[in-house]
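Shown next, in structure tokens, is the structure this report addresses.
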Amino acid sequence: MPRKRADDSIFDEIAKTFEQVPAKVGLLTALVLVVFGLILPFIFSGPDMTGAFAVTGRFLLWAFAVAGAVGAAVGAMRRSRDRSRFNSTVRVDDLTWREFEGYLAEYFRRRGASVTYRGGASADGGVDLVLEDTSGRRIVQAKHWKNRSVGVVPLRALWGVLDDENAHGAVFVTSGEFTPDALRFAEGKRLELIGRTQLLRLVAEVKGTSAEPAPASSTDEACPQCGRGVLAKKLARRGSNAGSYFLGCSRFPDCRYTRGMEVG
């Protein structure tokens, strides 16, 4: 069941729980609640307060049924969108961060895991998905960073909530890469790191296709300012140069070095 947040009502919790179950199961359960609500006053009828409580219980069950049906429908539509997007030829770089989470959810489902969406802004170490499969319970964080490398800080935050989540391990997935410090941090831990190259290969294996080629957006030229990153081709989206390409350090925002590209 999804982790309860302080501002969630019981109806929110019911809807979120039903989002995770198959649509047929959720709708059938909602129907059972409706039927039980119909017969409840006849089971507990009487001149005393029992009858009044039965009527109140009927409407409460119906409210739970509506919340459950809505949750089941929302979950079914979300899984359908994830499935369609995963089956399409869309490039990982063209996904939004939320679509990237759904893309990963579908990938893990096809690997045999039961997937619970988490996401949102909460003090959960950045957990976006929770997996349940033969290897146990694992928590997943996704970072859709095209031109940035994931460092130690987000890995340490995710690893820090492992026990609170009662998880056997953690998975960190990025559409970019990991810094050397991040790779060293994960050594010897139940913390799996999946960077861009490995992600494309794993997705191709599941889909039975060839891996999506990595865009030729990076160079082998070291950043002349920090000396640690490499210069990557980026698109200016704002300002007087919007729509034109430039070279920027892959360690942005830690390093903000940029250089214009020659045209021709």
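Residues in the structure tokens are named by chain (A, B, ... in the order shown) and by number from 1 within that chain; ligands are numbered from 1 in the order shown.
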
Please list as a CSV table (one decimal) with N, CA, C and O atoms, in the first residue's frame every residue within 10 Å of A:Thr174, counting only C-alpha atoms and excluding residues in the same chain fewer than 2 positions away.
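What follows is the written file part23.csv:
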```
chain,number,residue,atom,x,y,z
A,100,PHE,N,9.2,9.7,-18.0
A,100,PHE,CA,10.4,8.8,-17.7
A,100,PHE,C,10.1,7.9,-16.6
A,100,PHE,O,10.5,6.7,-16.7
A,141,GLN,N,14.7,5.2,-7.5
A,141,GLN,CA,14.7,6.7,-7.8
A,141,GLN,C,15.1,6.9,-9.3
A,141,GLN,O,16.1,6.2,-9.7
A,142,ALA,N,14.4,7.8,-10.0
A,142,ALA,CA,14.7,8.1,-11.4
A,142,ALA,C,15.1,9.5,-11.5
A,142,ALA,O,14.5,10.4,-11.0
A,143,LYS,N,16.2,9.7,-12.2
A,143,LYS,CA,16.6,11.1,-12.5
A,143,LYS,C,16.7,11.2,-14.1
A,143,LYS,O,17.6,10.6,-14.7
A,144,HIS,N,15.9,12.1,-14.6
A,144,HIS,CA,15.9,12.3,-16.1
A,144,HIS,C,16.8,13.5,-16.4
A,144,HIS,O,16.4,14.6,-16.7
A,145,TRP,N,18.1,13.2,-16.2
A,145,TRP,CA,19.1,14.3,-16.4
A,145,TRP,C,19.9,13.9,-17.7
A,145,TRP,O,20.6,13.0,-17.8
A,146,LYS,N,19.7,14.8,-18.7
A,146,LYS,CA,20.3,14.5,-20.0
A,146,LYS,C,21.8,14.9,-20.1
A,146,LYS,O,22.6,14.2,-20.7
A,148,ARG,N,23.6,16.0,-17.2
A,148,ARG,CA,24.2,16.1,-15.9
A,148,ARG,C,24.5,14.7,-15.4
A,148,ARG,O,23.8,13.7,-15.7
A,149,SER,N,25.6,14.6,-14.6
A,149,SER,CA,25.9,13.3,-14.0
A,149,SER,C,25.4,13.3,-12.5
A,149,SER,O,25.5,14.3,-11.8
A,150,VAL,N,24.9,12.1,-12.1
A,150,VAL,CA,24.4,11.9,-10.8
A,150,VAL,C,25.6,11.7,-9.8
A,150,VAL,O,26.4,10.9,-10.0
A,172,PHE,N,18.9,3.0,-8.6
A,172,PHE,CA,19.0,4.4,-9.1
A,172,PHE,C,19.2,4.4,-10.6
A,172,PHE,O,20.1,3.8,-11.1
A,176,GLY,N,21.2,10.0,-17.7
A,176,GLY,CA,22.6,10.5,-17.9
A,176,GLY,C,23.6,9.5,-17.4
A,176,GLY,O,23.5,8.3,-17.7
A,177,GLU,N,24.6,9.9,-16.7
A,177,GLU,CA,25.6,9.0,-16.2
A,177,GLU,C,25.9,9.3,-14.7
A,177,GLU,O,25.3,10.2,-14.1
A,178,PHE,N,26.8,8.5,-14.1
A,178,PHE,CA,27.1,8.7,-12.7
A,178,PHE,C,28.6,9.2,-12.6
A,178,PHE,O,29.4,8.8,-13.4
A,193,LEU,N,23.0,0.7,-9.8
A,193,LEU,CA,23.1,1.9,-10.6
A,193,LEU,C,22.9,1.6,-12.1
A,193,LEU,O,23.6,0.8,-12.6
A,194,ILE,N,21.9,2.2,-12.7
A,194,ILE,CA,21.6,2.0,-14.1
A,194,ILE,C,21.8,3.4,-14.8
A,194,ILE,O,20.9,4.3,-14.7
A,195,GLY,N,22.9,3.5,-15.6
A,195,GLY,CA,23.1,4.7,-16.3
A,195,GLY,C,22.5,4.6,-17.7
A,195,GLY,O,21.9,3.6,-18.1
A,196,ARG,N,22.7,5.7,-18.5
A,196,ARG,CA,22.1,5.8,-19.8
A,196,ARG,C,22.4,4.5,-20.7
A,196,ARG,O,21.5,3.9,-21.3
A,197,THR,N,23.7,4.2,-20.9
A,197,THR,CA,24.1,3.1,-21.8
A,197,THR,C,23.5,1.8,-21.4
A,197,THR,O,22.9,1.1,-22.2
A,198,GLN,N,23.5,1.5,-20.1
A,198,GLN,CA,22.9,0.2,-19.6
A,198,GLN,C,21.4,0.3,-19.7
A,198,GLN,O,20.8,-0.8,-20.1
A,199,LEU,N,20.8,1.4,-19.5
A,199,LEU,CA,19.3,1.5,-19.6
A,199,LEU,C,18.9,1.2,-21.0
A,199,LEU,O,17.9,0.4,-21.2
```

Check stretch 33-220 of chain A with DSSP on the backbone and list each residue it calls helix (DSSP H, G or I), as number ranges by chain. A: 33-43, 49-87, 92-94, 97-110, 152-160, 180-186, 196-207

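Minimum atom-to-atom distance to A:Leu202, evaluated using only C-alpha atoms, belongs to A:Phe108 out of A:Phe108, A:Cys249, A:Leu131, A:Arg228.
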
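In terms of minimum interatomic distance to A:Pro41, A:Arg58 ranks closest within A:Val90, A:Asp128, A:Arg58, A:Arg156, counting only C-alpha atoms.
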
d(atom CA of A:Leu31, atom CA of A:Ala65) in Å: 7.0 Å

Can you tell me, as a PyMOL selection string, which residues in stretch 62-249 of chain A count as strand (DSSP E) by DSSP? chain A and resi 114-117+129-133+136-143+149-150+169-174+177-178+191-194+218-222+230-235+245-249

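Reported to one decimal place, the separation of atom CA of A:Asn166 from atom CA of A:Val140 is 13.1 Å.
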
Residue contacts of A:Ala72 (7 Å, only C-alpha atoms) excluding same-chain residues fewer than 4 positions away, as a ChimeraX atom specification: /A:18-19,21,23,26-27,68,76

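Counting only C-alpha atoms, the residue from A:Cys223, A:Val92, A:Leu129, A:Leu247 that sits nearest to A:Arg109 is A:Leu129.
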
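Closest approach to A:Gly136 from the set A:Arg190, A:Leu158, A:Arg91, A:Asp181 is made by A:Arg190, with distances taken over only C-alpha atoms.
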